[in-house]
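Shown next, in structure tokens, is the structure this report addresses.
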Amino acid sequence: MTNPTRLMVWIGLCFAIALTGLCAYAAEPAAMDRTILPIAQPDYPHSTVLDARDAKVPPRFDIKAPAGAPNVLIVLVDDMGFGMPSAFGGPVRMPSADRLASKGLRYNQFHTTALCSPTRTALLSGRNHHTNNMGSITETATGFPGNTGQRPNNVAPLAEMLRLNGYSTAFFGKNHETAPWEVSVSGPTDRWPSRSGFDKFYGFFGGETDQWNPTLYDGMTRVPTPHYPGYNFMTDMADKAISWMKFQKALTPDKPFFIYFAPGATHAPHHVPREWIEKYKGRFDGGWDKLREETLARQIALGVVPAGTKLAAKPKDIKDWDQLTADEKKLFARQMEVYAGFGEYCDHEIGRLFDAIAETGQLDNTLIIYILGDNGTSAEGGMFGMFCEMTFFNNVQETVQDMLRHYDEWGGPSTYPHMAAGWAVAGDTPFMWTKQIPSNYGGTRNGMIISWPKGIKAANQVRSQWHHVIDVAPTVLEAAKLPEPKSVNGTVQTPIEGVSMVYSFDKPGAASTHTTQYFEIFGNRAIYHDGWFAGTIHRAPWEKVSRRKLQDDVWELYDTRADFSLSNDLAATNPAKLKELQSLFIKDATKYRVLPIDDRLLERLVPATAGRPDLMGERASLTLSEGMDSMSENVFINVKNRSLSLTADVEIPEGGANGVILAQGGRFGGWSLYLKDGKPTYCYNFLGLEEFKVSAPRPLAAGKATIRLNFDYDGGGVGKGGTATLLVNNEKVASGRIGRTQMAIFSADETAGVGLDDATPVTTDYKERDNAFTGKIIKVTVDVKPIGEAVKAEADAARNEAVVRKAIAD
């Protein structure tokens, strides 16, 4: 072969090899299959090219949201009924909601589940709450499917669907969707927000938190409680949401975001800066009966309630305002002033987030769904309200005179308040009932506003299609042009049970597409179907026992097409329709794992009888070391109504030490073992009402020491006192009486920790900010003695009743 021929062959071979490398990636990837998440990467053939210079880079696999997909912001206010916000005729001025409504749509037949956790899981998944295993709240979970308190893998959250389709996702505020026994370093963390589809989480776990001193997590990390003048979590969470959103848009302006913004407001404790309270001074002196009438008139004028609607009767337990004493009126009016200020303050901070989105130029293509309440207004404040919720949970009755002493500080950091149930009924105008009652629209009807300038032509209009919280997720998916996924993270999905509301955006007269919906919470249950509504009140929020057996419940029947407020019961005149709806309820209850209905109260609060995990179980000893903190009462050993000992091995530096060794609870109840002026001290804080202290006479010398606190419980019942004895290196150094103890709960949100008392301090002996132990803690052991059988029975009953109260309040 001649040299030119060899050269041509060599060139031809090189060209062929290079062409092979080019052709290996020539084809563009097929269209993404978004029904299987995560979206599968293309399987490119293995290259045969040696040198990268001779090969073509394949098309980059990059998951992006569909072109034009909107940003999504879902706002969920807590414990605000249909008749509270000004956007729906209520007395609480909410200018941001009003402004949004003027540019968007008000939905006046939107419904929730009547309770916190169930509504939230339904909202975030598009499936019914029992399908989410959230038949009630996590604290009352049982072993029955539908009520385990743990979202199953075949119910993927909306956030995960959006994240896997190219969205940035963030969650700010209240997370009451994670089982309390899972909120510890031991996990599992599968159902924490950061592993439920959210790239960013900043907020608190559980039903409520002290807004002045919250227990906070950033992602999966407990962060110190902020302590600076004027701090309130409502402003803090808005600041964090605004910062995250601006940062995300600065880096990736074309990547849509999904923000779930869920304030603790307006759930108790009602904590709000004083200037917001004073805006309502004297506004509620006329009482709740007058307020109901005024609200209904405004609702009709706004067009969110049909003309001619009657005001439903109040529950018989709610007194007429004119029957109250002067002191009751003064106290109750102040409670409502604080609540209203809290609501307006909340809306103001939400408005700042709206404004920040507008500043980025993103508002036109942001779908905002502003839901004004996760259920009706809360009536768990009982007939009188309370200065400190912890008194209620520990069966200590506050009198009106007790509460009036705190009139000026109500809503401030030294209070943990709730309001009287009469205001809850007024806040659910024009309906009869409140939060917890899914068998009446007072518990489930919540105002909702939707705005999306780029996607909705109509503005300042009312939509009266009947919808439910499970309809939010499919609405978002349709707006984003995303299909419902069939499989997520390897698990075949339970189909979404809600329907999209997009059809209603520009068709005010369109027929409702959500035609049937069951409701059930704690035995209170109902069914909606084609304009008819049938339900039964099994137990009122303030009642400790059910009214009758499930099979003996008395049902009501309403034609909602002609009776907006459910004030005309047709059960007696149309028994055939009632029977039809009752049968339909059983059918859906079977389909969605509502059965068996569990109306037990005390029994389902005991993990062993309810059938849910208990981290501590029957353990009698717990050994901890420095840095172990943020242990809620659900994961800490139970020290109530029993004798116990605390044994701390410490090392004291030259010059002495101060600070907390081990503490549980905070300002509104708890206990602490600490050094003050170098002296071992034990303080038991009874509900923030009285501090019992035992202190050693001398400071500890430098070196190692063992401090022991023995508490000998008096017995004879729950919440009794006992004798506290301090020992240093096995030598008794002090002894004293603890006059009374908390029988059921220390705090809804404050925790136990070694070496620091975070959030609010148990005792006035040390400050909020500077109480960390300045020596070395080697270990601390908590040993508890068995509770006597008689006391145990009483303690279980008391604790369970308190947890029922707390759980229901959440």
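Ligands are numbered from 1 in the order shown, chains are lettered A, B, ... in the order of the structure tokens, and residues start at 1 in each chain.
Shell of Met245 of chain A at 8 Å, with only C-alpha atoms counted and residues fewer than 4 places along the chain excluded, is Ala241, Lys249, Phe257 and Ile357 of chain A.
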request  = Please return as JSON, numbers by chain: the residues of segment 535-767 of chain A that backbone DSSP assigns to alpha helix (DSSP H).
outcome  = {"A": [575, 576, 577, 578, 579, 580, 581, 582, 583, 584, 585, 586, 587, 588, 589, 590, 591, 607, 608, 609, 610]}
key: Within 12 Å of Arg593 of chain A using only C-alpha atoms, minus same-chain residues under 5 positions, as a PyMOL selection string   = chain A and resi 127-135+144-148+518+520+585-588+598
note = Judged by only C-alpha atoms, the minimum distance to Val272 of chain A among A:Leu482, A:Met386, A:Val338, A:Ile787 is found for A:Val338
Which residues of segment 473-579 of chain A sit at most 10 Å from segment 307-318 of chain A, using only C-alpha atoms? Give each one's shortest atom pair and distance in Å (one decimal place), in chain and ascending residue order, as a tab-separated table.
```
residue	atom	partner	partner_atom	distance
A:Ala540	CA	A:Pro315	CA	9.1
A:Trp542	CA	A:Asp317	CA	9.3
A:Ala562	CA	A:Thr309	CA	8.8
A:Asp563	CA	A:Thr309	CA	7.1
A:Phe564	CA	A:Thr309	CA	6.4
A:Ser565	CA	A:Ala312	CA	6.1
A:Leu566	CA	A:Ala312	CA	6.8
A:Ser567	CA	A:Ala312	CA	4.9
A:Asn568	CA	A:Ala312	CA	8.6
```
Could you write out that same residue set with N, CA, C and O atoms as a PDB file, in the first residue's frame?
```pdb
ATOM      1  N   ALA A 540     -68.816  18.180  72.556  1.00  0.00           N
ATOM      2  CA  ALA A 540     -68.438  19.577  72.381  1.00  0.00           C
ATOM      3  C   ALA A 540     -66.990  19.781  72.821  1.00  0.00           C
ATOM      4  O   ALA A 540     -66.445  18.985  73.596  1.00  0.00           O
ATOM      5  N   TRP A 542     -65.549  21.624  74.952  1.00  0.00           N
ATOM      6  CA  TRP A 542     -65.307  21.794  76.384  1.00  0.00           C
ATOM      7  C   TRP A 542     -65.868  20.636  77.218  1.00  0.00           C
ATOM      8  O   TRP A 542     -65.790  20.663  78.435  1.00  0.00           O
ATOM      9  N   ALA A 562     -79.891  26.287  50.442  1.00  0.00           N
ATOM     10  CA  ALA A 562     -80.864  27.281  50.888  1.00  0.00           C
ATOM     11  C   ALA A 562     -80.612  27.729  52.320  1.00  0.00           C
ATOM     12  O   ALA A 562     -81.311  28.610  52.821  1.00  0.00           O
ATOM     13  N   ASP A 563     -79.626  27.124  52.949  1.00  0.00           N
ATOM     14  CA  ASP A 563     -79.395  27.358  54.377  1.00  0.00           C
ATOM     15  C   ASP A 563     -77.884  27.472  54.611  1.00  0.00           C
ATOM     16  O   ASP A 563     -77.225  26.545  55.058  1.00  0.00           O
ATOM     17  N   PHE A 564     -77.347  28.633  54.320  1.00  0.00           N
ATOM     18  CA  PHE A 564     -75.896  28.851  54.369  1.00  0.00           C
ATOM     19  C   PHE A 564     -75.328  28.617  55.762  1.00  0.00           C
ATOM     20  O   PHE A 564     -74.243  28.063  55.924  1.00  0.00           O
ATOM     21  N   SER A 565     -76.039  29.036  56.801  1.00  0.00           N
ATOM     22  CA  SER A 565     -75.521  28.997  58.172  1.00  0.00           C
ATOM     23  C   SER A 565     -75.867  27.723  58.924  1.00  0.00           C
ATOM     24  O   SER A 565     -75.538  27.590  60.101  1.00  0.00           O
ATOM     25  N   LEU A 566     -76.524  26.786  58.275  1.00  0.00           N
ATOM     26  CA  LEU A 566     -76.960  25.535  58.916  1.00  0.00           C
ATOM     27  C   LEU A 566     -77.822  25.830  60.143  1.00  0.00           C
ATOM     28  O   LEU A 566     -77.551  25.374  61.262  1.00  0.00           O
ATOM     29  N   SER A 567     -78.870  26.564  59.932  1.00  0.00           N
ATOM     30  CA  SER A 567     -79.743  26.953  61.045  1.00  0.00           C
ATOM     31  C   SER A 567     -81.108  26.274  61.003  1.00  0.00           C
ATOM     32  O   SER A 567     -81.908  26.426  61.932  1.00  0.00           O
ATOM     33  N   ASN A 568     -81.382  25.498  59.943  1.00  0.00           N
ATOM     34  CA  ASN A 568     -82.701  24.867  59.790  1.00  0.00           C
ATOM     35  C   ASN A 568     -82.527  23.352  59.631  1.00  0.00           C
ATOM     36  O   ASN A 568     -82.330  22.847  58.523  1.00  0.00           O
TER      37      ASN A 568
END
```
Residue contacts of Tyr345 of chain A (8 Å, only C-alpha atoms) excluding same-chain residues fewer than 3 positions away, as a list of chain:residue names = A:Val272, A:Trp276, A:Gly341, A:Phe342, A:His348, A:Glu349
remark   = In terms of only C-alpha atoms, the residue from A:Arg292, A:Asp714, A:Ile777, A:Tyr339 at minimal distance from Thr647 of chain A is A:Ile777
query = In Å, how far is it from atom CA of Phe88 of chain A to atom CA of Glu359 of chain A?
reply = 27.5 Å
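Taking atom CA of Val492 of chain A and atom CA of Ile521 of chain A as endpoints, the distance between them is 28.1 Å.
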key: Contact residues around Glu543 of chain A with only C-alpha atoms at 12 Å, ignoring same-chain residues under 2 positions, as an MDAnalysis selection string   = chainID A and resid 317 379:380 382:383 436 522 537:541 545:548 601 801 804:805 808
ask   = Hey, can you check how far atom CA of Gly442 of chain A sits from atom CA of Thr266 of chain A?
value = 16.5 Å
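The smallest atom-to-atom distance between Met501 of chain A and any of A:Thr741, A:Tyr107, A:Ile652, A:Asn446, using only C-alpha atoms, is found for A:Tyr107.
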task = Name the residues in contact with Asp765 of chain A at a cut-off of 12 Å, using only C-alpha atoms, excluding same-chain residues fewer than 4 positions from it; report them as a ChimeraX atom specification.
result = /A:658-660,667,672-677,679,681-685,691-693,695,757,761,770-771
message = Could you pull out the strand (DSSP E or B) residues of segment 608-754 of chain A, going by DSSP on the backbone, and write them as a ChimeraX atom specification?
response = /A:621-624,631,644-652,659-666,669-676,679-686,690-695,703-713,722-728,731-738,752-754
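Among the candidates A:Lys330, A:His111, A:Leu700, A:Gln401, the residue lying nearest to Asn440 of chain A is A:His111 (atoms considered: only C-alpha atoms).
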key: Neighbour list for Gly509 of chain A as a ChimeraX atom specification, cut-off 12 Å, only C-alpha atoms, skip fewer than 6 positions in-chain   = /A:461-466,503
Save the residues we just selected, N, CA and C atoms, as a compact mmCIF listing (two decimals), in the first residue's frame?
```txt
# COMPACT_ATOMS: atom_id res chain seq x y z
N GLN A 461 -63.55 39.19 43.08
CA GLN A 461 -64.79 38.44 42.92
C GLN A 461 -64.89 37.34 43.96
N VAL A 462 -66.11 36.87 44.16
CA VAL A 462 -66.38 35.78 45.10
C VAL A 462 -66.62 34.51 44.31
N ARG A 463 -66.07 33.42 44.79
CA ARG A 463 -66.33 32.11 44.21
C ARG A 463 -67.05 31.26 45.26
N SER A 464 -68.16 30.64 44.86
CA SER A 464 -68.98 29.89 45.80
C SER A 464 -69.00 28.39 45.50
N GLN A 465 -68.06 27.92 44.69
CA GLN A 465 -67.96 26.48 44.49
C GLN A 465 -67.54 25.82 45.81
N TRP A 466 -68.09 24.63 46.07
CA TRP A 466 -67.81 23.91 47.32
C TRP A 466 -66.47 23.18 47.17
N TYR A 503 -60.54 25.28 37.39
CA TYR A 503 -61.71 25.52 36.54
C TYR A 503 -62.53 26.71 37.01
```
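Among the candidates A:Gly104, A:Pro180, A:Pro59, A:Pro91, the one nearest to Thr366 of chain A when counting only C-alpha atoms is A:Gly104.
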